[in-house]
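Here is the file protein_26.txt (compact mmCIF, C-alpha atoms).
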# COMPACT_ATOMS: atom_id res chain seq x y z
CA MET F 137 1.29 12.66 15.10
CA ALA F 138 4.48 11.49 13.37
CA THR F 139 4.49 10.97 9.61
CA VAL F 140 7.03 9.40 7.27
CA GLU F 141 6.53 9.82 3.54
CA LEU F 142 8.27 7.65 1.00
CA ARG F 143 8.17 8.16 -2.77
CA PHE F 144 9.82 5.79 -5.20
CA SER F 145 9.93 5.26 -8.93
CA ALA F 146 7.62 2.50 -10.13
CA GLN F 147 10.25 -0.21 -10.24
CA PRO F 148 9.67 -3.62 -8.63
CA GLU F 149 13.06 -3.56 -6.90
CA HIS F 150 11.95 -0.59 -4.75
CA VAL F 151 9.05 -2.53 -3.20
CA ARG F 152 11.44 -4.33 -0.85
CA THR F 153 12.73 -1.01 0.46
CA ALA F 154 9.17 0.18 1.11
CA ARG F 155 8.46 -3.03 3.05
CA LEU F 156 11.57 -2.61 5.21
CA VAL F 157 10.79 1.05 5.96
CA ALA F 158 7.16 0.21 6.80
CA ALA F 159 8.20 -2.55 9.22
CA ALA F 160 10.76 -0.32 10.94
CA VAL F 161 8.33 2.57 11.37
CA ALA F 162 5.55 0.20 12.51
CA ARG F 163 7.85 -1.30 15.15
CA ARG F 164 8.78 2.16 16.42
CA ALA F 165 5.09 3.18 16.45
CA GLY F 166 4.25 0.29 18.77
CA VAL F 167 2.63 -2.22 16.43
CA ASP F 168 2.69 -5.65 18.06
CA GLU F 169 5.76 -7.68 17.06
CA ALA F 170 3.55 -10.61 16.00
CA VAL F 171 1.81 -8.40 13.41
CA LEU F 172 4.93 -6.99 11.73
CA ASP F 173 5.06 -9.78 9.13
CA GLU F 174 1.50 -8.93 8.14
CA VAL F 175 2.48 -5.26 7.83
CA ARG F 176 5.42 -6.19 5.59
CA LEU F 177 3.33 -8.48 3.39
CA ALA F 178 0.42 -6.03 3.08
CA VAL F 179 2.72 -3.14 2.18
CA GLY F 180 4.53 -5.35 -0.33
CA GLU F 181 1.23 -6.29 -2.00
CA ALA F 182 -0.03 -2.69 -2.05
CA CYS F 183 3.24 -1.34 -3.43
CA SER F 184 3.51 -4.13 -6.03
CA ARG F 185 -0.04 -3.32 -7.12
CA ALA F 186 0.80 0.39 -7.43
CA VAL F 187 4.00 -0.37 -9.38
CA GLY F 188 2.06 -2.63 -11.75
CA LEU F 189 -0.62 0.00 -12.30
CA HIS F 190 1.97 2.70 -12.99
CA ARG F 191 3.86 0.52 -15.43
CA SER F 192 0.78 -0.75 -17.28
CA HIS F 193 -0.61 2.79 -17.65
CA GLY F 194 2.73 4.42 -18.55
CA ILE F 195 2.75 6.70 -15.50
CA THR F 196 6.14 8.13 -14.58
CA ASP F 197 5.09 9.75 -11.29
CA PRO F 198 6.45 8.06 -8.17
CA VAL F 199 4.46 5.66 -6.00
CA ARG F 200 3.56 7.32 -2.68
CA VAL F 201 3.70 5.63 0.71
CA VAL F 202 2.65 7.61 3.79
CA LEU F 203 3.20 6.04 7.21
CA THR F 204 1.40 7.78 10.07
CA GLU F 205 1.71 7.17 13.78
CA GLU F 206 -1.25 8.45 15.77
CA GLU F 207 -2.16 7.98 19.44
CA LYS F 208 -3.56 4.43 19.25
CA VAL F 209 -3.25 3.53 15.58
CA PHE F 210 -0.57 3.17 12.93
CA SER F 211 -1.69 3.66 9.34
CA ILE F 212 -0.12 3.26 5.93
CA GLU F 213 -1.43 4.77 2.71
CA VAL F 214 -0.11 3.51 -0.62
CA GLY F 215 -1.11 5.75 -3.50
CA ASP F 216 -0.88 5.30 -7.22
CA GLY F 217 -1.37 7.87 -9.95
CA VAL F 218 -4.02 5.97 -11.92
CA SER F 219 -7.46 7.55 -11.67
CA GLY F 220 -10.36 5.12 -11.31
CA THR F 221 -8.42 2.27 -9.63
CA GLY F 222 -10.66 1.70 -6.62
CA SER F 223 -12.15 -1.69 -5.83
CA ALA F 224 -14.99 -1.11 -8.32
CA GLY F 225 -13.16 1.41 -10.47
CA ALA F 226 -10.50 -0.94 -11.79
CA GLY F 227 -12.96 -3.34 -13.34
CA ALA F 228 -15.20 -0.58 -14.64
CA SER F 229 -12.40 1.37 -16.30
CA ALA F 230 -10.79 -1.70 -17.85
CA ALA F 231 -14.05 -2.97 -19.30
CA GLY F 232 -15.51 0.43 -20.14
CA GLU F 233 -12.62 1.71 -22.23
CA GLY F 234 -12.42 -1.35 -24.46
CA ALA F 235 -8.63 -1.44 -24.35
CA SER F 236 -6.94 -3.00 -27.35
CA SER F 237 -4.41 -4.91 -25.25
CA GLY F 238 -6.80 -7.86 -25.05
CA ASP F 239 -5.91 -10.62 -22.63
CA TYR F 240 -3.22 -8.56 -20.88
CA GLU F 241 -5.83 -6.15 -19.54
CA GLY F 242 -7.89 -9.04 -18.18
CA ASP F 243 -4.80 -10.61 -16.59
CA ALA F 244 -3.83 -7.29 -15.02
CA GLU F 245 -7.35 -6.87 -13.63
CA GLY F 246 -7.25 -10.40 -12.18
CA GLU F 247 -3.86 -9.75 -10.54
CA ASP F 248 -5.22 -6.46 -9.16
CA GLU F 249 -8.21 -8.22 -7.59
CA MET F 250 -5.97 -10.96 -6.22
CA GLY F 251 -3.65 -8.39 -4.63
CA LEU F 252 -6.60 -6.62 -3.01
CA ALA F 253 -7.90 -9.95 -1.72
CA VAL F 254 -4.52 -10.76 -0.17
CA ILE F 255 -4.37 -7.33 1.48
CA SER F 256 -7.91 -7.73 2.82
CA GLY F 257 -6.93 -11.10 4.29
CA LEU F 258 -3.88 -9.63 6.03
CA VAL F 259 -5.35 -6.37 7.34
CA ASP F 260 -8.52 -6.03 9.39
CA ASP F 261 -8.87 -2.30 8.72
CA VAL F 262 -8.36 -1.60 5.01
CA GLU F 263 -9.97 0.95 2.72
CA VAL F 264 -9.53 1.27 -1.04
CA THR F 265 -10.49 4.60 -2.59
CA SER F 266 -10.10 6.15 -6.00
CA GLY F 267 -10.32 9.65 -7.35
CA ASP F 268 -9.07 11.90 -10.08
CA ASP F 269 -5.63 12.03 -8.45
CA GLY F 270 -5.33 8.24 -8.33
CA GLY F 271 -6.11 5.35 -6.03
CA VAL F 272 -5.17 4.91 -2.38
CA ILE F 273 -5.07 1.81 -0.22
CA ARG F 274 -5.26 2.80 3.45
CA MET F 275 -4.40 0.16 6.03
CA SER F 276 -4.23 0.56 9.79
CA TRP F 277 -3.21 -1.44 12.84
CA PRO F 278 -3.67 -0.79 16.56
CA THR F 279 -0.62 0.20 18.57
CA THR F 280 0.24 -0.52 22.17
CA PRO F 281 1.38 2.40 24.29
CA PRO F 282 4.99 2.23 25.44
CA VAL F 283 5.46 0.78 28.90
CA ALA F 284 6.80 3.32 31.34
CA THR F 285 9.95 2.21 33.11
CA SER F 286 11.05 3.74 36.35
Could you rewrite the structure in this file as structure tokens?
Amino acid sequence: MATVELRFSAQPEHVRTARLVAAAVARRAGVDEAVLDEVRLAVGEACSRAVGLHRSHGITDPVRVVLTEEEKVFSIEVGDGVSGTGSAGAGASAAGEGASSGDYEGDAEGEDEMGLAVISGLVDDVEVTSGDDGGVIRMSWPTTPPVATS
């Protein structure tokens, strides 16, 4: 199992780098060429979401991207440092804390849900989890074994 780990400061300009790295590693792992655009877009959405969450919550920890090549599957995990940001957690924490930022919090929640919807539309196998250490979006794609040449 080969793993590449990328950490970057929560700045929007680093999302492009994460997308390029993800596409390159996915190609090397054997993800079908026709799916690489979906990989790029999904990683871009997940990383943009993580950057937005870090910035809106004042978190200075880096965004984590882990790319893993296994025998028949390639997976990407994008992690943020905001606890309670799962698919149900984001809405519950934003509404439950009664944040004083008013409409901004509602807009951020709407953008978060939109980003998750886009990711779900691009990736067949996606899982969003949340814990005390933050949220993780795990996406995976099937790989094709390399063709042996003689």
task: May I ask for the distance between atom CA of F:Asp173 and atom CA of F:Gly188, given in Å to one decimal place?
output: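 Interatomic distance, atom CA of F:Asp173 to atom CA of F:Gly188: 22.3 Å.
Closest approach to F:Ser266 from the set F:Ser219, F:Gln147, F:Thr153, F:Thr139 is made by F:Ser219, with distances taken over all atoms listed in the file.
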message: Would you compute the distance between atom CA of F:His190 and atom CA of F:Val175? Give it in Å to one decimal.
response: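 We find that atom CA of F:His190 and atom CA of F:Val175 lie 22.3 Å from each other.
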- request: Find the residues with any atom within 9 Å of (-9.8, 3.8, 14.5); use all atoms listed in the file and the coordinates as given in the file, and write the answer as a list in words.
  value: Lys208, Val209, Asp261, Ser276, Trp277 and Pro278 of chain F
- request: Work out how far apart atom CA of F:Glu149 and atom CA of F:Ala170 are and give it in Å to one decimal.
  value: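 Atom CA of F:Ala170 lies at a distance of 25.8 Å from atom CA of F:Glu149.
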Residue contacts of F:Ser211 (12 Å, all atoms listed in the file) excluding same-chain residues fewer than 2 positions away, as a ChimeraX atom specification: /F:137-141,158-159,161-162,165-167,175,178-179,201-209,213-214,259-263,273-279
- prompt: Given the choices F:Met250, F:Val218, F:Val157, F:Leu142, which gets closest to F:Arg200 if the distance is worked out from all atoms listed in the file?
  reply: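 Looking at the shortest contact to F:Arg200, the residue is F:Leu142.
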message: Just checking: using all atoms listed in the file, which residue out of F:Phe210, F:Asp197, F:Asp269, F:Arg185 ends up closest to F:Glu249?
response: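 Smallest separation from F:Glu249 among the options: F:Arg185.
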query: Which of these, F:Arg143, F:Ser192, F:Val171, F:Gly180, has the shortest distance to F:Arg155 once you count all atoms listed in the file?
result: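 Under the stated criterion, the closest residue is F:Gly180.
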